[in-house]
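Q: For reference, this is data-v1.pdb, and it has PDB, C-alpha atoms and all ligand atoms.
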ATOM      1  CA  MET A 312      39.596 -67.526 -75.416  1.00  0.00           C
ATOM      2  CA  SER A 313      41.015 -64.203 -74.344  1.00  0.00           C
ATOM      3  CA  HIS A 314      40.804 -62.826 -70.818  1.00  0.00           C
ATOM      4  CA  SER A 315      40.402 -59.135 -70.094  1.00  0.00           C
ATOM      5  CA  ILE A 316      41.989 -57.598 -67.039  1.00  0.00           C
ATOM      6  CA  VAL A 317      42.416 -54.063 -65.771  1.00  0.00           C
ATOM      7  CA  LEU A 318      45.593 -53.039 -64.002  1.00  0.00           C
ATOM      8  CA  THR A 319      46.811 -49.733 -62.670  1.00  0.00           C
ATOM      9  CA  VAL A 320      50.440 -49.630 -63.726  1.00  0.00           C
ATOM     10  CA  ASN A 321      52.546 -46.795 -62.343  1.00  0.00           C
ATOM     11  CA  GLY A 322      49.388 -44.776 -61.841  1.00  0.00           C
ATOM     12  CA  SER A 323      47.899 -45.388 -65.292  1.00  0.00           C
ATOM     13  CA  ARG A 324      44.848 -47.554 -65.895  1.00  0.00           C
ATOM     14  CA  ARG A 325      45.572 -50.268 -68.451  1.00  0.00           C
ATOM     15  CA  GLU A 326      42.958 -52.521 -70.030  1.00  0.00           C
ATOM     16  CA  ILE A 327      44.641 -55.657 -71.291  1.00  0.00           C
ATOM     17  CA  ASP A 328      43.423 -58.632 -73.285  1.00  0.00           C
ATOM     18  CA  LEU A 329      45.368 -61.762 -72.519  1.00  0.00           C
ATOM     19  CA  ASP A 330      45.340 -64.414 -75.232  1.00  0.00           C
ATOM     20  CA  ASP A 331      47.347 -66.743 -73.052  1.00  0.00           C
ATOM     21  CA  PRO A 332      46.185 -67.069 -69.431  1.00  0.00           C
ATOM     22  CA  ARG A 333      49.623 -68.456 -68.564  1.00  0.00           C
ATOM     23  CA  MET A 334      51.358 -65.143 -69.259  1.00  0.00           C
ATOM     24  CA  THR A 335      53.308 -63.973 -66.252  1.00  0.00           C
ATOM     25  CA  LEU A 336      53.229 -60.445 -64.935  1.00  0.00           C
ATOM     26  CA  LEU A 337      56.901 -60.179 -65.894  1.00  0.00           C
ATOM     27  CA  ASP A 338      56.276 -61.018 -69.538  1.00  0.00           C
ATOM     28  CA  LEU A 339      53.244 -58.750 -69.614  1.00  0.00           C
ATOM     29  CA  LEU A 340      55.280 -55.822 -68.313  1.00  0.00           C
ATOM     30  CA  ARG A 341      58.239 -56.386 -70.613  1.00  0.00           C
ATOM     31  CA  GLU A 342      56.600 -57.650 -73.798  1.00  0.00           C
ATOM     32  CA  ARG A 343      53.188 -55.997 -73.835  1.00  0.00           C
ATOM     33  CA  LEU A 344      53.701 -52.781 -71.891  1.00  0.00           C
ATOM     34  CA  ASP A 345      57.341 -52.123 -72.878  1.00  0.00           C
ATOM     35  CA  LEU A 346      58.353 -51.693 -69.258  1.00  0.00           C
ATOM     36  CA  THR A 347      61.729 -53.361 -69.610  1.00  0.00           C
ATOM     37  CA  GLY A 348      63.206 -51.894 -66.445  1.00  0.00           C
ATOM     38  CA  THR A 349      61.944 -55.004 -64.664  1.00  0.00           C
ATOM     39  CA  LYS A 350      64.544 -57.650 -65.472  1.00  0.00           C
ATOM     40  CA  LYS A 351      64.252 -61.322 -66.276  1.00  0.00           C
ATOM     41  CA  GLY A 352      67.064 -63.190 -64.586  1.00  0.00           C
ATOM     42  CA  CYS A 353      66.146 -66.748 -63.714  1.00  0.00           C
ATOM     43  CA  ASP A 354      62.414 -66.667 -64.602  1.00  0.00           C
ATOM     44  CA  ARG A 355      61.787 -69.109 -61.771  1.00  0.00           C
ATOM     45  CA  GLY A 356      61.640 -67.140 -58.540  1.00  0.00           C
ATOM     46  CA  GLN A 357      65.250 -67.506 -57.522  1.00  0.00           C
ATOM     47  CA  CYS A 358      67.007 -64.200 -58.233  1.00  0.00           C
ATOM     48  CA  GLY A 359      64.662 -61.294 -57.460  1.00  0.00           C
ATOM     49  CA  ALA A 360      65.596 -59.365 -60.625  1.00  0.00           C
ATOM     50  CA  CYS A 361      61.893 -59.152 -61.513  1.00  0.00           C
ATOM     51  CA  THR A 362      60.707 -57.679 -58.200  1.00  0.00           C
ATOM     52  CA  VAL A 363      57.798 -55.223 -58.473  1.00  0.00           C
ATOM     53  CA  LEU A 364      55.185 -53.976 -56.040  1.00  0.00           C
ATOM     54  CA  VAL A 365      51.653 -55.345 -56.296  1.00  0.00           C
ATOM     55  CA  ASP A 366      49.234 -53.425 -54.092  1.00  0.00           C
ATOM     56  CA  GLY A 367      52.276 -52.194 -52.207  1.00  0.00           C
ATOM     57  CA  ARG A 368      53.810 -55.595 -51.553  1.00  0.00           C
ATOM     58  CA  ARG A 369      56.940 -56.851 -53.257  1.00  0.00           C
ATOM     59  CA  ILE A 370      56.619 -59.948 -55.381  1.00  0.00           C
ATOM     60  CA  ASN A 371      58.562 -61.809 -58.025  1.00  0.00           C
ATOM     61  CA  ALA A 372      56.767 -60.889 -61.236  1.00  0.00           C
ATOM     62  CA  CYS A 373      58.004 -64.067 -62.934  1.00  0.00           C
ATOM     63  CA  LEU A 374      55.937 -66.174 -60.528  1.00  0.00           C
ATOM     64  CA  ALA A 375      52.670 -64.204 -60.797  1.00  0.00           C
ATOM     65  CA  LEU A 376      50.105 -64.943 -63.480  1.00  0.00           C
ATOM     66  CA  ALA A 377      48.877 -61.678 -64.943  1.00  0.00           C
ATOM     67  CA  VAL A 378      45.333 -63.013 -65.220  1.00  0.00           C
ATOM     68  CA  SER A 379      45.187 -63.446 -61.452  1.00  0.00           C
ATOM     69  CA  LEU A 380      45.929 -59.775 -60.815  1.00  0.00           C
ATOM     70  CA  ASP A 381      42.799 -58.178 -62.237  1.00  0.00           C
ATOM     71  CA  GLY A 382      42.229 -54.882 -60.435  1.00  0.00           C
ATOM     72  CA  ALA A 383      45.694 -54.731 -58.898  1.00  0.00           C
ATOM     73  CA  GLU A 384      47.966 -51.728 -58.623  1.00  0.00           C
ATOM     74  CA  ILE A 385      51.438 -52.409 -59.989  1.00  0.00           C
ATOM     75  CA  THR A 386      54.516 -50.286 -59.406  1.00  0.00           C
ATOM     76  CA  THR A 387      57.649 -50.932 -61.428  1.00  0.00           C
ATOM     77  CA  ILE A 388      60.995 -49.179 -61.402  1.00  0.00           C
ATOM     78  CA  GLU A 389      59.682 -46.849 -64.119  1.00  0.00           C
ATOM     79  CA  GLY A 390      57.120 -45.585 -61.615  1.00  0.00           C
ATOM     80  CA  VAL A 391      59.697 -44.720 -58.969  1.00  0.00           C
ATOM     81  CA  GLY A 392      61.162 -41.230 -58.825  1.00  0.00           C
ATOM     82  CA  ARG A 393      61.565 -38.812 -61.694  1.00  0.00           C
ATOM     83  CA  GLU A 394      64.481 -37.189 -63.399  1.00  0.00           C
ATOM     84  CA  GLY A 395      65.715 -34.548 -61.009  1.00  0.00           C
ATOM     85  CA  ALA A 396      63.590 -35.985 -58.182  1.00  0.00           C
ATOM     86  CA  LEU A 397      64.894 -39.413 -57.331  1.00  0.00           C
ATOM     87  CA  ASP A 398      63.245 -41.632 -54.786  1.00  0.00           C
ATOM     88  CA  PRO A 399      65.339 -41.649 -51.565  1.00  0.00           C
ATOM     89  CA  VAL A 400      66.194 -45.302 -52.197  1.00  0.00           C
ATOM     90  CA  GLN A 401      67.489 -44.527 -55.691  1.00  0.00           C
ATOM     91  CA  ALA A 402      69.538 -41.619 -54.352  1.00  0.00           C
ATOM     92  CA  ALA A 403      71.002 -43.790 -51.609  1.00  0.00           C
ATOM     93  CA  PHE A 404      71.967 -46.525 -54.097  1.00  0.00           C
ATOM     94  CA  ILE A 405      73.922 -43.950 -56.076  1.00  0.00           C
ATOM     95  CA  ALA A 406      75.513 -42.444 -52.975  1.00  0.00           C
ATOM     96  CA  HIS A 407      76.693 -45.851 -51.743  1.00  0.00           C
ATOM     97  CA  ASP A 408      77.788 -47.377 -55.083  1.00  0.00           C
ATOM     98  CA  ALA A 409      75.191 -50.082 -54.534  1.00  0.00           C
ATOM     99  CA  PHE A 410      75.541 -51.507 -58.039  1.00  0.00           C
ATOM    100  CA  GLN A 411      78.094 -52.400 -60.661  1.00  0.00           C
ATOM    101  CA  CYS A 412      76.565 -53.812 -63.876  1.00  0.00           C
ATOM    102  CA  GLY A 413      73.111 -52.678 -62.720  1.00  0.00           C
ATOM    103  CA  PHE A 414      71.183 -55.733 -63.913  1.00  0.00           C
ATOM    104  CA  CYS A 415      69.849 -56.598 -60.473  1.00  0.00           C
ATOM    105  CA  THR A 416      69.372 -52.973 -59.442  1.00  0.00           C
ATOM    106  CA  PRO A 417      65.707 -52.376 -60.422  1.00  0.00           C
ATOM    107  CA  GLY A 418      64.721 -55.467 -58.463  1.00  0.00           C
ATOM    108  CA  GLN A 419      66.929 -54.488 -55.535  1.00  0.00           C
ATOM    109  CA  ILE A 420      65.408 -51.014 -55.414  1.00  0.00           C
ATOM    110  CA  MET A 421      61.825 -52.257 -55.656  1.00  0.00           C
ATOM    111  CA  SER A 422      62.515 -54.831 -52.973  1.00  0.00           C
ATOM    112  CA  ALA A 423      64.132 -52.180 -50.762  1.00  0.00           C
ATOM    113  CA  ILE A 424      61.160 -49.852 -51.187  1.00  0.00           C
ATOM    114  CA  GLY A 425      58.813 -52.700 -50.274  1.00  0.00           C
ATOM    115  CA  LEU A 426      60.963 -53.642 -47.300  1.00  0.00           C
ATOM    116  CA  ILE A 427      61.026 -50.087 -45.957  1.00  0.00           C
ATOM    117  CA  ARG A 428      57.243 -49.864 -46.332  1.00  0.00           C
ATOM    118  CA  GLU A 429      56.889 -53.142 -44.457  1.00  0.00           C
ATOM    119  CA  GLY A 430      58.685 -51.420 -41.590  1.00  0.00           C
ATOM    120  CA  GLN A 431      60.280 -54.647 -40.448  1.00  0.00           C
ATOM    121  CA  ALA A 432      63.977 -54.190 -41.054  1.00  0.00           C
ATOM    122  CA  GLY A 433      64.724 -51.446 -38.552  1.00  0.00           C
ATOM    123  CA  ALA A 434      68.314 -50.235 -38.400  1.00  0.00           C
ATOM    124  CA  ASP A 435      69.855 -53.676 -38.090  1.00  0.00           C
ATOM    125  CA  PRO A 436      72.087 -54.493 -41.090  1.00  0.00           C
ATOM    126  CA  GLU A 437      71.690 -58.218 -40.452  1.00  0.00           C
ATOM    127  CA  ARG A 438      67.908 -58.013 -40.649  1.00  0.00           C
ATOM    128  CA  ILE A 439      68.156 -55.987 -43.832  1.00  0.00           C
ATOM    129  CA  ARG A 440      70.470 -58.582 -45.369  1.00  0.00           C
ATOM    130  CA  GLU A 441      68.043 -61.331 -44.421  1.00  0.00           C
ATOM    131  CA  ALA A 442      65.015 -59.408 -45.714  1.00  0.00           C
ATOM    132  CA  MET A 443      66.837 -58.754 -49.004  1.00  0.00           C
ATOM    133  CA  SER A 444      68.131 -62.306 -49.361  1.00  0.00           C
ATOM    134  CA  GLY A 445      65.739 -63.026 -52.221  1.00  0.00           C
ATOM    135  CA  ASN A 446      67.534 -60.469 -54.376  1.00  0.00           C
ATOM    136  CA  LEU A 447      70.800 -61.811 -55.724  1.00  0.00           C
ATOM    137  CA  CYS A 448      73.634 -59.681 -57.076  1.00  0.00           C
ATOM    138  CA  ARG A 449      76.235 -61.398 -59.217  1.00  0.00           C
ATOM    139  CA  CYS A 450      78.506 -58.387 -58.878  1.00  0.00           C
ATOM    140  CA  GLY A 451      78.495 -58.736 -55.106  1.00  0.00           C
ATOM    141  CA  ALA A 452      77.406 -55.182 -54.341  1.00  0.00           C
ATOM    142  CA  TYR A 453      75.762 -56.345 -51.138  1.00  0.00           C
ATOM    143  CA  ALA A 454      77.681 -54.084 -48.750  1.00  0.00           C
ATOM    144  CA  GLY A 455      76.633 -50.961 -50.643  1.00  0.00           C
ATOM    145  CA  ILE A 456      73.067 -52.202 -50.974  1.00  0.00           C
ATOM    146  CA  THR A 457      72.753 -52.697 -47.217  1.00  0.00           C
ATOM    147  CA  GLU A 458      74.281 -49.280 -46.502  1.00  0.00           C
ATOM    148  CA  ALA A 459      71.965 -47.650 -49.030  1.00  0.00           C
ATOM    149  CA  ILE A 460      68.882 -49.206 -47.475  1.00  0.00           C
ATOM    150  CA  LEU A 461      69.965 -48.159 -43.995  1.00  0.00           C
ATOM    151  CA  GLU A 462      70.433 -44.607 -45.180  1.00  0.00           C
ATOM    152  CA  ALA A 463      67.198 -44.456 -47.174  1.00  0.00           C
ATOM    153  CA  GLN A 464      65.247 -45.915 -44.319  1.00  0.00           C
ATOM    154  CA  ALA A 465      66.712 -43.390 -41.894  1.00  0.00           C
ATOM    155  CA  ALA A 466      66.099 -40.548 -44.334  1.00  0.00           C
ATOM    156  CA  LEU A 467      62.480 -41.567 -44.751  1.00  0.00           C
ATOM    157  CA  ALA A 468      62.092 -41.852 -41.007  1.00  0.00           C
ATOM    158  CA  GLY A 469      63.660 -38.412 -40.576  1.00  0.00           C
ATOM    159  CA  THR A 470      66.659 -39.711 -38.675  1.00  0.00           C
ATOM    160  CA  ASP A 471      70.370 -39.927 -39.312  1.00  0.00           C
ATOM    161  CA  ALA A 472      71.581 -43.377 -40.391  1.00  0.00           C
ATOM    162  CA  ARG A 473      74.952 -42.790 -38.807  1.00  0.00           C
ATOM    163  CA  ARG A 474      73.413 -42.428 -35.375  1.00  0.00           C
ATOM    164  CA  SER A 475      71.597 -45.740 -35.542  1.00  0.00           C
ATOM    165  CA  ALA A 476      74.203 -47.827 -37.412  1.00  0.00           C
TER     166      ALA A 476
HETATM  167 FE1  LIG B 501      61.963 -63.617 -61.270  1.00  0.00          FE
HETATM  168 FE2  LIG B 501      64.503 -64.363 -61.136  1.00  0.00          FE
HETATM  169  S1  LIG B 501      63.451 -63.501 -62.837  1.00  0.00           S
HETATM  170  S2  LIG B 501      63.051 -64.282 -59.518  1.00  0.00           S
HETATM  171 FE1  LIG B 502      75.521 -56.528 -61.293  1.00  0.00          FE
HETATM  172 FE2  LIG B 502      73.963 -56.677 -59.123  1.00  0.00          FE
HETATM  173  S1  LIG B 502      75.044 -54.925 -59.878  1.00  0.00           S
HETATM  174  S2  LIG B 502      74.221 -58.146 -60.667  1.00  0.00           S
END
Please rewrite the model in this file as structure tokens.
A:
Amino acid sequence: MSHSIVLTVNGSRREIDLDDPRMTLLDLLRERLDLTGTKKGCDRGQCGACTVLVDGRRINACLALAVSLDGAEITTIEGVGREGALDPVQAAFIAHDAFQCGFCTPGQIMSAIGLIREGQAGADPERIREAMSGNLCRCGAYAGITEAILEAQAALAGTDARRSA
């Protein structure tokens, strides 16, 4: 039996028939909607490579059943920024060399955007590291990632990161 759901994905309404109710949001995005910017690392909630926003909150897409998200608004890395108009978090990642191979980067950026929206990290690098601890980076770009988030957060708050660091 197939299940029909409606999602808003990066601003577009998508009506989707699911033959398999066990399909994860990650597989739906990558295999049905061709949104391959969201990465599959561990597929078991341990690496954060699959982080997307669901109704504004960051989640691991590999742990969410698509069928349970009927009506939800999904934002993936493809829905963030545009060519020539990067999101402040994307711009800060570039400015601070916050990636090497780039595999973890979509998840890091989505998690950072969610974190900044949560408004809980403040300007404390240690709190940012803790709040981002679910996003692993095999290349070890953590220092740049933390600096980028501090800068993006300050930019979005209209302050100067260097004053509050
Ligand atoms: Fe989802 Fe690793 S692929 S947490
Ligand atoms: Fe390579 Fe993070 S930049 S895994």
Q: Name the residues that the PyMOL selection byres (((chain A and resi 415) around 10) and not hetatm) picks from the file above, as an NGL selection string, using the file's chain letters and numbers.
A: :A and (349-352 or 358-362 or 410-414 or 416-420 or 446-450 or 452)
Q: I'd like the contact shell of segment 318-323 of chain A - 6 Å cut-off, all atoms listed in the file, skipping same-chain residues fewer than 5 positions apart - returned as a VMD selection string.
A: chain A and resid 382 to 386 390
Q: Please evaluate the PyMOL selection byres (((chain A and resi 400) around 10) and not hetatm) against the structure above and give the resulting residues as a ChimeraX atom specification.
A: /A:391-392,397-399,401-406,419-421,423-424,427,456,459-464,466-467
Q: Taking all atoms of segment 361-364 of chain A that the file lists and extending 4 Å past them on each side, where is the centre of the axis-aligned box and how long are its edges? Answer in Å to one decimal, as JSON.
A:
{"center_x": 58.5, "center_y": -56.6, "center_z": -58.8, "size_x": 14.7, "size_y": 13.2, "size_z": 13.5}
Q: Do you know which residues the PyMOL selection byres (((chain A and resi 335) around 6) and not hetatm) returns on this file, as a PyMOL selection string?
A: chain A and resi 334+336-338+373+375-377
